[in-house]
>>> print(open('input_3.cif').read())   # mmCIF, C-alpha atoms
data_upload
loop_
_atom_site.label_atom_id
_atom_site.label_comp_id
_atom_site.auth_asym_id
_atom_site.auth_seq_id
_atom_site.Cartn_x
_atom_site.Cartn_y
_atom_site.Cartn_z
CA MET H 1 -185.40 -17.89 114.60
CA SER H 2 -184.49 -21.48 113.87
CA LYS H 3 -186.88 -24.20 115.03
CA ILE H 4 -184.26 -26.93 114.72
CA PHE H 5 -181.06 -27.12 116.75
CA CYS H 6 -178.01 -29.26 116.02
CA GLY H 7 -175.56 -30.80 118.48
CA ILE H 8 -172.32 -32.52 117.47
CA ASP H 9 -170.33 -34.83 119.71
CA TRP H 10 -166.98 -34.89 117.96
CA ALA H 11 -164.20 -37.47 118.03
CA GLU H 12 -161.09 -38.20 115.99
CA GLY H 13 -162.62 -40.82 113.72
CA HIS H 14 -166.32 -39.97 113.69
CA HIS H 15 -168.91 -37.47 114.90
CA ASP H 16 -172.38 -38.05 116.32
CA ILE H 17 -175.10 -35.64 115.17
CA ALA H 18 -178.42 -34.92 116.90
CA LEU H 19 -181.19 -32.58 115.77
CA VAL H 20 -183.93 -31.49 118.16
CA ASP H 21 -186.96 -29.27 117.54
CA HIS H 22 -188.26 -26.40 119.68
CA ASP H 23 -190.19 -28.86 121.89
CA GLY H 24 -187.09 -30.93 122.63
CA THR H 25 -188.12 -33.87 120.47
CA GLN H 26 -185.23 -35.49 118.66
CA ALA H 27 -185.83 -34.96 114.96
CA ALA H 28 -182.87 -36.94 113.64
CA LYS H 29 -179.58 -38.51 114.58
CA LEU H 30 -176.61 -39.57 112.49
CA ARG H 31 -173.03 -40.72 112.84
CA ILE H 32 -170.68 -39.30 110.21
CA SER H 33 -167.05 -39.94 109.35
CA ASP H 34 -164.37 -37.33 109.91
CA ASP H 35 -163.84 -36.51 106.24
CA SER H 36 -165.39 -34.71 103.31
CA ALA H 37 -168.04 -37.37 102.80
CA GLY H 38 -169.11 -37.06 106.42
CA PHE H 39 -169.36 -33.28 106.17
CA HIS H 40 -171.54 -33.50 103.05
CA ALA H 41 -173.76 -36.04 104.83
CA LEU H 42 -174.18 -33.55 107.69
CA ILE H 43 -175.11 -30.72 105.32
CA GLU H 44 -177.65 -32.96 103.56
CA LEU H 45 -179.20 -33.86 106.92
CA LEU H 46 -179.47 -30.19 107.89
CA THR H 47 -180.97 -29.31 104.50
CA ARG H 48 -183.66 -31.96 104.86
CA HIS H 49 -184.71 -30.35 108.14
CA GLY H 50 -185.10 -26.80 106.88
CA ASP H 51 -181.53 -25.47 106.73
CA THR H 52 -181.25 -22.55 104.29
CA ALA H 53 -178.71 -19.83 103.54
CA GLU H 54 -181.10 -17.21 104.96
CA ASP H 55 -181.89 -19.20 108.13
CA PRO H 56 -179.10 -21.72 108.82
CA ILE H 57 -179.49 -24.19 111.66
CA PRO H 58 -177.20 -23.28 114.60
CA VAL H 59 -174.70 -25.87 115.79
CA ALA H 60 -173.32 -26.63 119.25
CA ILE H 61 -170.01 -28.48 119.59
CA GLU H 62 -167.43 -28.83 122.35
CA THR H 63 -164.48 -27.41 120.43
CA PRO H 64 -163.81 -24.11 118.63
CA ARG H 65 -161.25 -25.51 116.19
CA GLY H 66 -160.69 -28.26 113.68
CA LEU H 67 -161.60 -28.91 110.05
CA LEU H 68 -165.24 -29.69 110.82
CA VAL H 69 -165.70 -26.41 112.69
CA ALA H 70 -163.88 -24.44 109.98
CA SER H 71 -166.08 -25.98 107.27
CA LEU H 72 -169.26 -25.26 109.22
CA ARG H 73 -168.18 -21.65 109.82
CA ALA H 74 -167.66 -21.26 106.08
CA THR H 75 -171.37 -21.98 105.56
CA GLY H 76 -172.24 -18.79 107.46
CA ARG H 77 -174.07 -20.45 110.34
CA GLN H 78 -173.58 -19.69 114.01
CA ILE H 79 -171.32 -22.15 115.81
CA TYR H 80 -171.47 -22.36 119.60
CA ALA H 81 -168.37 -23.83 121.26
CA ILE H 82 -169.71 -25.22 124.55
CA ASN H 83 -167.22 -25.68 127.37
CA PRO H 84 -167.00 -29.42 128.15
CA LEU H 85 -167.41 -28.70 131.89
CA ALA H 86 -170.61 -26.77 131.19
CA ALA H 87 -171.83 -29.55 128.91
CA ALA H 88 -171.24 -32.08 131.72
CA ARG H 89 -173.50 -30.06 134.06
CA TYR H 90 -176.21 -29.94 131.38
CA ARG H 91 -175.79 -33.68 130.88
CA ASP H 92 -176.61 -34.37 134.53
CA ARG H 93 -179.71 -32.17 134.33
CA ASP H 94 -180.87 -33.65 131.01
CA ARG H 95 -180.73 -37.30 132.01
CA GLY H 96 -182.16 -36.91 135.47
CA SER H 97 -181.00 -40.33 136.62
CA VAL H 98 -178.40 -41.77 138.96
CA SER H 99 -177.19 -44.40 136.49
CA ARG H 100 -174.64 -41.95 135.00
CA ALA H 101 -175.09 -43.64 131.63
CA LYS H 102 -173.17 -41.99 128.80
CA SER H 103 -173.11 -42.31 125.03
CA ASP H 104 -171.92 -40.16 122.16
CA ALA H 105 -175.41 -39.94 120.66
CA ALA H 106 -176.85 -38.77 123.98
CA ASP H 107 -174.07 -36.18 124.35
CA ALA H 108 -174.94 -34.79 120.92
CA ARG H 109 -178.57 -34.50 121.98
CA VAL H 110 -177.54 -32.66 125.16
CA LEU H 111 -175.58 -30.13 123.10
CA ALA H 112 -178.56 -29.54 120.82
CA ASN H 113 -180.81 -29.00 123.85
CA ILE H 114 -178.36 -26.47 125.27
CA LEU H 115 -179.07 -24.28 122.24
CA ARG H 116 -182.80 -24.94 122.48
CA THR H 117 -183.09 -23.85 126.11
CA ASP H 118 -180.14 -21.54 126.83
CA ARG H 119 -178.95 -20.21 123.51
CA HIS H 120 -179.11 -16.66 124.88
CA ALA H 121 -176.57 -17.57 127.60
CA HIS H 122 -173.89 -18.68 125.12
CA ARG H 123 -172.02 -16.67 122.53
CA PRO H 124 -171.33 -17.97 119.01
CA LEU H 125 -167.82 -18.09 117.63
CA PRO H 126 -166.81 -14.67 116.29
CA ASP H 127 -167.20 -14.05 112.59
CA ASP H 128 -163.58 -13.06 112.02
CA SER H 129 -162.36 -12.44 108.50
CA GLU H 130 -159.90 -14.76 106.78
CA ALA H 131 -157.16 -12.16 107.28
CA GLY H 132 -157.99 -11.93 110.98
CA GLN H 133 -157.90 -15.69 111.41
CA THR H 134 -154.56 -15.80 109.59
CA VAL H 135 -153.06 -13.27 112.00
CA ALA H 136 -154.42 -15.26 114.94
CA VAL H 137 -152.82 -18.50 113.76
CA LEU H 138 -149.43 -16.91 113.12
CA ALA H 139 -149.33 -14.70 116.23
CA ARG H 140 -150.19 -17.60 118.51
CA ALA H 141 -147.71 -19.87 116.76
CA HIS H 142 -145.01 -17.21 117.18
CA GLN H 143 -145.74 -16.88 120.87
CA ASP H 144 -145.72 -20.67 121.28
CA ALA H 145 -142.37 -20.80 119.46
CA ILE H 146 -140.93 -18.23 121.87
CA TRP H 147 -142.10 -20.33 124.82
CA ASP H 148 -140.62 -23.46 123.23
CA ARG H 149 -137.32 -21.65 122.64
CA GLN H 150 -137.17 -20.55 126.27
CA GLN H 151 -137.89 -24.08 127.39
CA MET H 152 -135.00 -25.36 125.27
CA ILE H 153 -132.69 -22.65 126.62
CA ASN H 154 -133.62 -23.64 130.16
CA ARG H 155 -132.82 -27.26 129.37
CA LEU H 156 -129.45 -26.28 127.89
CA ARG H 157 -128.64 -24.07 130.86
CA SER H 158 -129.53 -26.86 133.30
CA HIS H 159 -127.37 -29.29 131.34
CA LEU H 160 -124.36 -26.95 131.23
CA ARG H 161 -124.53 -26.52 135.00
CA GLU H 162 -123.76 -30.23 135.30
CA TYR H 163 -120.31 -30.01 133.77
CA TYR H 164 -119.53 -26.69 132.02
CA PRO H 165 -119.75 -23.66 134.38
CA ALA H 166 -117.39 -21.70 132.10
CA ALA H 167 -120.07 -21.64 129.39
CA LEU H 168 -122.56 -20.07 131.79
CA ALA H 169 -119.95 -17.58 132.98
CA ALA H 170 -119.27 -16.59 129.38
CA PHE H 171 -122.78 -16.36 127.96
CA HIS H 172 -125.48 -16.49 130.63
CA GLY H 173 -126.41 -13.65 132.96
CA THR H 174 -126.76 -9.88 133.05
CA ALA H 175 -124.95 -8.04 130.24
CA LYS H 176 -124.13 -11.39 128.59
CA PRO H 177 -125.23 -12.30 125.05
CA GLY H 178 -127.40 -15.23 126.19
CA LEU H 179 -127.26 -18.94 125.42
CA ASP H 180 -129.60 -18.43 122.46
CA SER H 181 -127.34 -15.86 120.79
CA PRO H 182 -125.63 -16.90 117.53
CA ARG H 183 -122.28 -16.21 119.18
CA ALA H 184 -122.90 -18.60 122.06
CA ARG H 185 -124.34 -21.35 119.87
CA LEU H 186 -121.41 -21.24 117.44
CA ILE H 187 -118.74 -21.32 120.13
CA LEU H 188 -120.42 -24.01 122.23
CA THR H 189 -120.91 -26.19 119.17
CA ALA H 190 -117.22 -25.84 118.32
CA ALA H 191 -116.17 -26.35 121.95
CA PRO H 192 -118.83 -28.45 123.70
CA THR H 193 -116.61 -29.33 126.69
CA PRO H 194 -114.46 -27.27 129.08
CA ALA H 195 -111.35 -28.97 127.73
CA ASP H 196 -112.23 -27.97 124.15
CA ALA H 197 -112.93 -24.40 125.25
CA ALA H 198 -109.62 -24.07 127.06
CA ARG H 199 -107.78 -25.13 123.88
CA LEU H 200 -109.42 -22.50 121.65
CA THR H 201 -106.82 -20.18 120.14
CA ARG H 202 -107.28 -16.51 119.43
CA SER H 203 -107.51 -17.16 115.70
CA GLN H 204 -110.17 -19.82 116.21
CA LEU H 205 -112.21 -17.54 118.45
CA ARG H 206 -111.80 -14.71 115.95
CA ALA H 207 -113.14 -16.90 113.13
CA LEU H 208 -116.11 -18.02 115.22
CA LEU H 209 -116.98 -14.49 116.28
CA LYS H 210 -116.84 -13.25 112.70
CA ARG H 211 -119.33 -15.95 111.67
CA GLY H 212 -121.83 -14.89 114.34
CA GLU H 213 -123.00 -11.56 115.63
CA ARG H 214 -120.32 -8.94 116.19
CA PRO H 215 -119.91 -8.13 119.91
CA GLY H 216 -120.51 -4.53 120.88
CA CYS H 217 -117.23 -4.34 122.77
CA GLY H 218 -115.27 -5.38 119.68
CA ILE H 219 -113.96 -8.73 118.52
CA GLU H 220 -110.51 -8.47 120.11
CA ALA H 221 -111.88 -7.48 123.50
CA GLU H 222 -114.40 -10.35 123.35
CA ILE H 223 -111.61 -12.79 122.45
CA GLU H 224 -109.64 -11.83 125.54
CA ARG H 225 -112.75 -12.02 127.74
CA LEU H 226 -113.61 -15.52 126.51
CA ARG H 227 -110.04 -16.79 126.86
CA THR H 228 -109.96 -15.53 130.45
CA VAL H 229 -113.27 -17.21 131.27
CA PHE H 230 -112.51 -20.50 129.54
CA ARG H 231 -109.05 -20.86 131.09
CA ALA H 232 -110.14 -20.11 134.64
CA GLU H 233 -110.25 -22.92 137.20
CA TYR H 234 -113.57 -24.77 137.61
CA LEU H 235 -114.77 -28.10 138.97
CA ARG H 236 -114.68 -30.79 136.28
CA GLN H 237 -116.33 -34.11 135.49
CA LEU H 238 -114.29 -37.21 134.64
CA PRO H 239 -112.84 -36.91 131.10
CA GLN H 240 -115.02 -39.56 129.42
CA VAL H 241 -118.13 -38.39 131.26
CA GLU H 242 -117.36 -34.83 130.23
CA GLN H 243 -117.03 -35.92 126.61
CA ALA H 244 -120.39 -37.71 126.74
CA LEU H 245 -122.04 -34.64 128.27
CA GLY H 246 -120.51 -32.59 125.46
CA HIS H 247 -122.24 -34.76 122.85
CA GLN H 248 -125.53 -34.22 124.66
CA ALA H 249 -124.90 -30.47 124.74
CA VAL H 250 -124.39 -30.37 120.96
CA ALA H 251 -127.73 -32.15 120.49
CA LEU H 252 -129.43 -29.60 122.74
CA ILE H 253 -127.78 -26.70 120.91
CA ARG H 254 -129.14 -28.03 117.61
CA GLN H 255 -132.61 -28.01 119.12
CA VAL H 256 -132.07 -24.43 120.28
CA ASP H 257 -130.93 -23.58 116.71
CA ALA H 258 -134.18 -25.00 115.33
CA ALA H 259 -136.25 -23.14 117.93
CA CYS H 260 -134.53 -19.84 117.14
CA LEU H 261 -135.09 -20.36 113.41
CA SER H 262 -138.77 -21.09 114.01
CA VAL H 263 -139.17 -17.91 116.05
CA SER H 264 -137.48 -15.85 113.33
CA GLN H 265 -139.53 -17.29 110.48
CA LEU H 266 -142.84 -17.05 112.34
CA ALA H 267 -142.06 -13.46 113.35
CA ALA H 268 -141.55 -12.50 109.70
CA ALA H 269 -144.75 -14.26 108.62
CA THR H 270 -146.74 -12.67 111.47
CA GLU H 271 -145.51 -9.18 110.65
CA GLU H 272 -146.38 -9.61 106.98
CA ALA H 273 -149.90 -10.86 107.70
CA PHE H 274 -150.58 -8.23 110.35
CA LEU H 275 -149.37 -5.26 108.29
CA ALA H 276 -151.69 -6.38 105.47
CA HIS H 277 -154.69 -6.26 107.83
CA PRO H 278 -156.84 -3.08 107.69
CA ASP H 279 -156.74 -2.71 111.49
CA ALA H 280 -152.93 -2.66 111.65
CA ASP H 281 -152.53 1.13 111.33
CA ILE H 282 -155.04 1.78 114.11
CA ILE H 283 -153.55 -0.77 116.49
CA THR H 284 -149.95 0.31 115.99
CA SER H 285 -150.91 3.96 116.51
CA PHE H 286 -151.23 3.15 120.23
CA PRO H 287 -148.23 3.76 122.47
CA GLY H 288 -146.50 0.55 123.55
CA LEU H 289 -147.72 -1.58 120.63
CA SER H 290 -145.19 -2.77 118.08
CA VAL H 291 -146.04 -4.83 115.02
CA LEU H 292 -145.66 -8.16 116.83
CA SER H 293 -147.39 -7.12 120.05
CA GLY H 294 -150.15 -5.49 117.99
CA ALA H 295 -150.57 -8.75 116.09
CA ARG H 296 -151.02 -10.59 119.39
CA VAL H 297 -153.71 -8.16 120.47
CA LEU H 298 -155.54 -8.47 117.15
CA ALA H 299 -155.22 -12.26 117.28
CA GLU H 300 -157.18 -12.38 120.54
CA ILE H 301 -159.82 -9.68 120.02
CA GLY H 302 -160.38 -10.55 116.34
CA ASP H 303 -161.87 -8.24 113.73
CA ASP H 304 -165.54 -9.10 114.21
CA ARG H 305 -166.86 -5.78 115.52
CA GLU H 306 -170.03 -7.49 116.86
CA ARG H 307 -168.06 -9.91 119.03
CA PHE H 308 -168.17 -7.60 122.06
CA ALA H 309 -171.37 -5.79 123.02
CA ASP H 310 -169.38 -2.86 124.39
CA ALA H 311 -165.95 -1.86 125.68
CA ARG H 312 -166.70 -3.36 129.10
CA ALA H 313 -167.18 -6.78 127.53
CA MET H 314 -163.79 -6.56 125.83
CA LYS H 315 -162.15 -5.45 129.08
CA ALA H 316 -163.72 -8.37 130.94
CA TYR H 317 -162.55 -10.80 128.25
CA ALA H 318 -158.99 -9.46 128.61
CA GLY H 319 -159.07 -9.59 132.39
CA ALA H 320 -158.47 -5.83 132.65
CA ALA H 321 -161.78 -5.12 134.39
CA PRO H 322 -162.00 -6.14 138.08
CA VAL H 323 -164.65 -8.44 139.56
CA THR H 324 -166.95 -7.40 142.41
CA ARG H 325 -167.92 -10.08 144.93
CA ALA H 326 -170.71 -8.89 147.19
CA SER H 327 -172.62 -11.04 149.66
CA GLY H 328 -174.29 -9.68 152.76
CA ARG H 329 -171.88 -7.26 154.42
CA SER H 330 -168.96 -8.49 152.38
CA HIS H 331 -168.00 -6.38 149.37
CA VAL H 332 -164.66 -7.14 147.70
CA VAL H 333 -163.23 -5.96 144.38
CA VAL H 334 -160.56 -8.34 143.05
CA ALA H 335 -158.61 -8.95 139.86
CA ARG H 336 -160.32 -11.16 137.30
CA THR H 337 -158.88 -14.68 137.04
CA VAL H 338 -161.12 -16.11 134.30
CA LYS H 339 -159.87 -14.37 131.17
CA ASN H 340 -158.06 -14.80 127.89
CA GLN H 341 -154.58 -15.50 129.23
CA ARG H 342 -152.83 -14.65 125.96
CA LEU H 343 -154.54 -11.28 125.73
CA ALA H 344 -153.90 -10.54 129.40
CA SER H 345 -150.20 -11.34 128.94
CA ALA H 346 -149.97 -9.15 125.83
CA GLY H 347 -151.83 -6.39 127.67
CA HIS H 348 -149.38 -6.44 130.57
CA MET H 349 -146.44 -5.97 128.19
CA TRP H 350 -148.41 -3.35 126.23
CA ALA H 351 -149.11 -1.24 129.31
CA PHE H 352 -145.53 -1.60 130.55
CA ALA H 353 -144.10 -0.48 127.19
CA ALA H 354 -146.57 2.42 127.07
CA LEU H 355 -145.00 3.90 130.20
CA ARG H 356 -142.25 5.34 128.01
CA THR H 357 -144.73 7.89 126.65
CA GLN H 358 -145.93 10.87 128.63
CA ALA H 359 -149.70 10.51 128.90
CA PRO H 360 -149.77 6.83 129.95
CA ARG H 361 -146.96 7.50 132.41
CA VAL H 362 -148.88 10.34 134.04
CA HIS H 363 -151.94 8.09 134.34
CA TYR H 364 -149.85 5.30 135.88
CA ASP H 365 -148.13 7.67 138.34
CA ARG H 366 -151.49 9.08 139.42
CA ARG H 367 -152.79 5.58 140.19
CA ARG H 368 -149.61 4.76 142.12
CA ALA H 369 -149.91 7.99 144.09
CA GLY H 370 -153.45 6.94 144.97
CA GLY H 371 -152.12 3.86 146.75
CA GLU H 372 -152.28 1.18 144.04
CA ARG H 373 -149.50 -1.34 143.68
CA HIS H 374 -147.52 -1.61 140.46
CA THR H 375 -149.51 -4.55 139.03
CA ALA H 376 -152.88 -2.96 139.79
CA ALA H 377 -151.84 0.40 138.29
CA LEU H 378 -150.51 -1.33 135.20
CA ARG H 379 -153.72 -3.32 134.84
CA ASN H 380 -155.74 -0.13 135.15
CA LEU H 381 -153.65 1.47 132.40
CA PHE H 382 -154.27 -1.59 130.20
CA ASN H 383 -157.98 -1.26 130.99
CA LYS H 384 -157.99 2.35 129.79
CA LEU H 385 -155.96 1.63 126.66
CA LEU H 386 -158.24 -1.27 125.78
CA GLY H 387 -161.29 0.98 126.04
CA CYS H 388 -159.59 3.47 123.72
CA LEU H 389 -158.77 0.67 121.29
CA TYR H 390 -162.41 -0.46 121.23
CA HIS H 391 -163.51 3.10 120.41
CA CYS H 392 -160.85 3.60 117.72
CA LEU H 393 -161.64 0.32 115.99
CA ARG H 394 -165.36 1.11 116.05
CA HIS H 395 -164.88 4.57 114.54
CA ARG H 396 -161.85 3.74 112.35
CA ALA H 397 -159.77 6.42 114.07
CA LEU H 398 -156.11 6.57 115.08
CA PHE H 399 -155.12 6.93 118.70
CA ASP H 400 -155.20 10.50 120.01
CA PRO H 401 -153.45 10.90 123.41
CA ASP H 402 -155.06 14.29 124.02
CA ARG H 403 -158.53 12.75 123.86
CA ALA H 404 -157.65 9.46 125.49
CA PHE H 405 -155.92 11.02 128.49
CA ALA H 406 -157.78 14.32 128.77
CA PRO H 407 -156.97 16.07 132.04
CA THR H 408 -159.59 15.76 134.75
CA VAL H 409 -161.43 18.92 135.79
CA ASP H 410 -161.95 19.56 139.49
CA LEU H 411 -165.43 20.96 140.07
CA ALA H 412 -165.90 23.59 142.76
CA ALA H 413 -167.82 22.48 145.79
#
>>> encode(input="input_3.cif", output="structure tokens")
Amino acid sequence: MSKIFCGIDWAEGHHDIALVDHDGTQAAKLRISDDSAGFHALIELLTRHGDTAEDPIPVAIETPRGLLVASLRATGRQIYAINPLAAARYRDRDRGSVSRAKSDAADARVLANILRTDRHAHRPLPDDSEAGQTVAVLARAHQDAIWDRQQMINRLRSHLREYYPAALAAFHGTAKPGLDSPRARLILTAAPTPADAARLTRSQLRALLKRGERPGCGIEAEIERLRTVFRAEYLRQLPQVEQALGHQAVALIRQVDAACLSVSQLAAATEEAFLAHPDADIITSFPGLSVLSGARVLAEIGDDRERFADARAMKAYAGAAPVTRASGRSHVVVARTVKNQRLASAGHMWAFAALRTQAPRVHYDRRRAGGERHTAALRNLFNKLLGCLYHCLRHRALFDPDRAFAPTVDLAA
């Protein structure tokens, strides 16, 4: 067990370092720059105070990411990412005064003392492999790109409502290709105003449709549908205003183009990284998990098998396990709100997709028949699947529906 504890108060340009011993006495302090020289100065300071490869000094810092954290993790030491709100509560206890004085050096000392007194109450950053961290970066970036794309589509839709209802009638809504479809983007770029759309000939529409995705109903039928929509009567803006709004629409469509390209490229990179990971076969053996959704699950649970003490810990982290609130005569079981939101979102889609297979569907129907609402039954299914995933990853086994959803046996009274 280390007798020295390190706290780092980080900033963009510099970092304050504090070392305290097991009695709480400050052994050293240092301010380093946010570069390679600063990192080497930190390592030298730790080495002078007993840091070794066999017994590295643990570090507390208020962020789980960044170059400094990545470099410290590469040394094999335990890094504790302390929530800034928790650190603020410790700060009030540590200073014990009403002056509310604050300094970076003092904050670093507070972080070091958190490890000295309450290290058992905090968990170090998981020791994920390089491949696991790669999947996490790409899967999260892909999900962020999808959110950004949807935001851009919403902006384009809102803009088209101002002057171009024919575009929404043609591409937005149920059984329509969508404003993000190649077909819609090509046609709206070529005809960014209602006047331009009404002047499109059959040959022009045919050329545009051949450049984009082929409609399922056939090109000729789509041509006639679009001509009917574009030549219908709608409310219009003044001609010059309409033209200006058309220029703005083209700019928005270009942003949607870039967002769609980002989603496509990140999806390909995520699939490649995930399929190269040794856990990919196990994860994708589960019903409802595709390559991309499996990558999202792996990104959040990681591949450090010691990260979770048991399956219950993983379920709590994902928000699948409920929370019991008991006080006096009050006893309430509610859904967990403090959770990994990305994993909870992926789990909801995972459980919903799994309903297409027999065993998960039977489990879901049984919960619904017992009086649970759709969301609660789906969360319970996610809870069960997550427990199975924990077991399969631990034992390097593929998913077996007969074992996972074994029929219950009614015991005679």
>>> closest_residue(input="input_3.cif", among="H:Asp104, H:Glu44, H:Glu242, H:Asp144", to="Arg31 of chain H", atoms="all atoms listed in the file")
H:Asp104
>>> atom_distance(input="input_3.cif", atom1="atom CA of Thr357 of chain H", atom2="atom CA of His395 of chain H")
23.7 Å
>>> resolve_selection(input="input_3.cif", expression="the PyMOL selection byres ((chain H and resi 337-352) around 10)", output="PDB file with C-alpha atoms, in the frame of the given file")
ATOM      1  CA  ARG H 140    -150.190 -17.600 118.510  1.00  0.00           C
ATOM      2  CA  GLN H 143    -145.740 -16.880 120.870  1.00  0.00           C
ATOM      3  CA  PHE H 286    -151.230   3.150 120.230  1.00  0.00           C
ATOM      4  CA  PRO H 287    -148.230   3.760 122.470  1.00  0.00           C
ATOM      5  CA  GLY H 288    -146.500   0.550 123.550  1.00  0.00           C
ATOM      6  CA  LEU H 289    -147.720  -1.580 120.630  1.00  0.00           C
ATOM      7  CA  SER H 290    -145.190  -2.770 118.080  1.00  0.00           C
ATOM      8  CA  SER H 293    -147.390  -7.120 120.050  1.00  0.00           C
ATOM      9  CA  GLY H 294    -150.150  -5.490 117.990  1.00  0.00           C
ATOM     10  CA  ALA H 295    -150.570  -8.750 116.090  1.00  0.00           C
ATOM     11  CA  ARG H 296    -151.020 -10.590 119.390  1.00  0.00           C
ATOM     12  CA  VAL H 297    -153.710  -8.160 120.470  1.00  0.00           C
ATOM     13  CA  LEU H 298    -155.540  -8.470 117.150  1.00  0.00           C
ATOM     14  CA  ALA H 299    -155.220 -12.260 117.280  1.00  0.00           C
ATOM     15  CA  GLU H 300    -157.180 -12.380 120.540  1.00  0.00           C
ATOM     16  CA  ILE H 301    -159.820  -9.680 120.020  1.00  0.00           C
ATOM     17  CA  LYS H 315    -162.150  -5.450 129.080  1.00  0.00           C
ATOM     18  CA  ALA H 316    -163.720  -8.370 130.940  1.00  0.00           C
ATOM     19  CA  TYR H 317    -162.550 -10.800 128.250  1.00  0.00           C
ATOM     20  CA  ALA H 318    -158.990  -9.460 128.610  1.00  0.00           C
ATOM     21  CA  GLY H 319    -159.070  -9.590 132.390  1.00  0.00           C
ATOM     22  CA  ALA H 320    -158.470  -5.830 132.650  1.00  0.00           C
ATOM     23  CA  ALA H 321    -161.780  -5.120 134.390  1.00  0.00           C
ATOM     24  CA  PRO H 322    -162.000  -6.140 138.080  1.00  0.00           C
ATOM     25  CA  VAL H 323    -164.650  -8.440 139.560  1.00  0.00           C
ATOM     26  CA  VAL H 334    -160.560  -8.340 143.050  1.00  0.00           C
ATOM     27  CA  ALA H 335    -158.610  -8.950 139.860  1.00  0.00           C
ATOM     28  CA  ARG H 336    -160.320 -11.160 137.300  1.00  0.00           C
ATOM     29  CA  ALA H 353    -144.100  -0.480 127.190  1.00  0.00           C
ATOM     30  CA  ALA H 354    -146.570   2.420 127.070  1.00  0.00           C
ATOM     31  CA  LEU H 355    -145.000   3.900 130.200  1.00  0.00           C
ATOM     32  CA  ARG H 356    -142.250   5.340 128.010  1.00  0.00           C
ATOM     33  CA  PRO H 360    -149.770   6.830 129.950  1.00  0.00           C
ATOM     34  CA  ARG H 361    -146.960   7.500 132.410  1.00  0.00           C
ATOM     35  CA  TYR H 364    -149.850   5.300 135.880  1.00  0.00           C
ATOM     36  CA  THR H 375    -149.510  -4.550 139.030  1.00  0.00           C
ATOM     37  CA  ALA H 377    -151.840   0.400 138.290  1.00  0.00           C
ATOM     38  CA  LEU H 378    -150.510  -1.330 135.200  1.00  0.00           C
ATOM     39  CA  ARG H 379    -153.720  -3.320 134.840  1.00  0.00           C
ATOM     40  CA  ASN H 380    -155.740  -0.130 135.150  1.00  0.00           C
ATOM     41  CA  LEU H 381    -153.650   1.470 132.400  1.00  0.00           C
ATOM     42  CA  PHE H 382    -154.270  -1.590 130.200  1.00  0.00           C
ATOM     43  CA  ASN H 383    -157.980  -1.260 130.990  1.00  0.00           C
ATOM     44  CA  LYS H 384    -157.990   2.350 129.790  1.00  0.00           C
ATOM     45  CA  LEU H 385    -155.960   1.630 126.660  1.00  0.00           C
ATOM     46  CA  LEU H 386    -158.240  -1.270 125.780  1.00  0.00           C
TER      47      LEU H 386
END
>>> closest_residue(input="input_3.cif", among="H:Ala397, H:Ala106, H:Ile4, H:Leu67", to="Ile283 of chain H", atoms="all atoms listed in the file")
H:Ala397
>>> residues_around(input="input_3.cif", residues="Ile153 of chain H", least_positions_apart="2", cutoff="7 Å", atoms="only C-alpha atoms", output="ChimeraX atom specification")
/H:149-151,155-157,179-180,256
>>> resolve_selection(input="input_3.cif", expression="the PyMOL selection byres ((chain H and resi 224-227) around 12)", output="short mmCIF file (atom, residue, chain, number, x, y, z; two decimals) with C-alpha atoms, in the frame of the given file")
data_model
loop_
_atom_site.label_atom_id
_atom_site.label_comp_id
_atom_site.auth_asym_id
_atom_site.auth_seq_id
_atom_site.Cartn_x
_atom_site.Cartn_y
_atom_site.Cartn_z
CA ALA H 166 -117.39 -21.70 132.10
CA ALA H 167 -120.07 -21.64 129.39
CA LEU H 168 -122.56 -20.07 131.79
CA ALA H 169 -119.95 -17.58 132.98
CA ALA H 170 -119.27 -16.59 129.38
CA PHE H 171 -122.78 -16.36 127.96
CA LYS H 176 -124.13 -11.39 128.59
CA ARG H 183 -122.28 -16.21 119.18
CA ALA H 184 -122.90 -18.60 122.06
CA ILE H 187 -118.74 -21.32 120.13
CA LEU H 188 -120.42 -24.01 122.23
CA PRO H 194 -114.46 -27.27 129.08
CA ASP H 196 -112.23 -27.97 124.15
CA ALA H 197 -112.93 -24.40 125.25
CA ALA H 198 -109.62 -24.07 127.06
CA ARG H 199 -107.78 -25.13 123.88
CA LEU H 200 -109.42 -22.50 121.65
CA THR H 201 -106.82 -20.18 120.14
CA ARG H 202 -107.28 -16.51 119.43
CA SER H 203 -107.51 -17.16 115.70
CA GLN H 204 -110.17 -19.82 116.21
CA LEU H 205 -112.21 -17.54 118.45
CA ARG H 206 -111.80 -14.71 115.95
CA LEU H 208 -116.11 -18.02 115.22
CA LEU H 209 -116.98 -14.49 116.28
CA PRO H 215 -119.91 -8.13 119.91
CA CYS H 217 -117.23 -4.34 122.77
CA GLY H 218 -115.27 -5.38 119.68
CA ILE H 219 -113.96 -8.73 118.52
CA GLU H 220 -110.51 -8.47 120.11
CA ALA H 221 -111.88 -7.48 123.50
CA GLU H 222 -114.40 -10.35 123.35
CA ILE H 223 -111.61 -12.79 122.45
CA THR H 228 -109.96 -15.53 130.45
CA VAL H 229 -113.27 -17.21 131.27
CA PHE H 230 -112.51 -20.50 129.54
CA ARG H 231 -109.05 -20.86 131.09
CA ALA H 232 -110.14 -20.11 134.64
#
>>> closest_residue(input="input_3.cif", among="H:Arg116, H:Arg214, H:His172, H:Lys29", to="Asp16 of chain H", atoms="all atoms listed in the file")
H:Lys29
>>> resolve_selection(input="input_3.cif", expression="the PyMOL selection byres ((chain H and resi 261) around 12)", output="list in words")
His142, Ala145, Ile146, Asp148, Arg149, Asp180, Ser181, Pro182, Arg254, Gln255, Val256, Asp257, Ala258, Ala259, Cys260, Ser262, Val263, Ser264, Gln265, Leu266, Ala267 and Ala268 of chain H
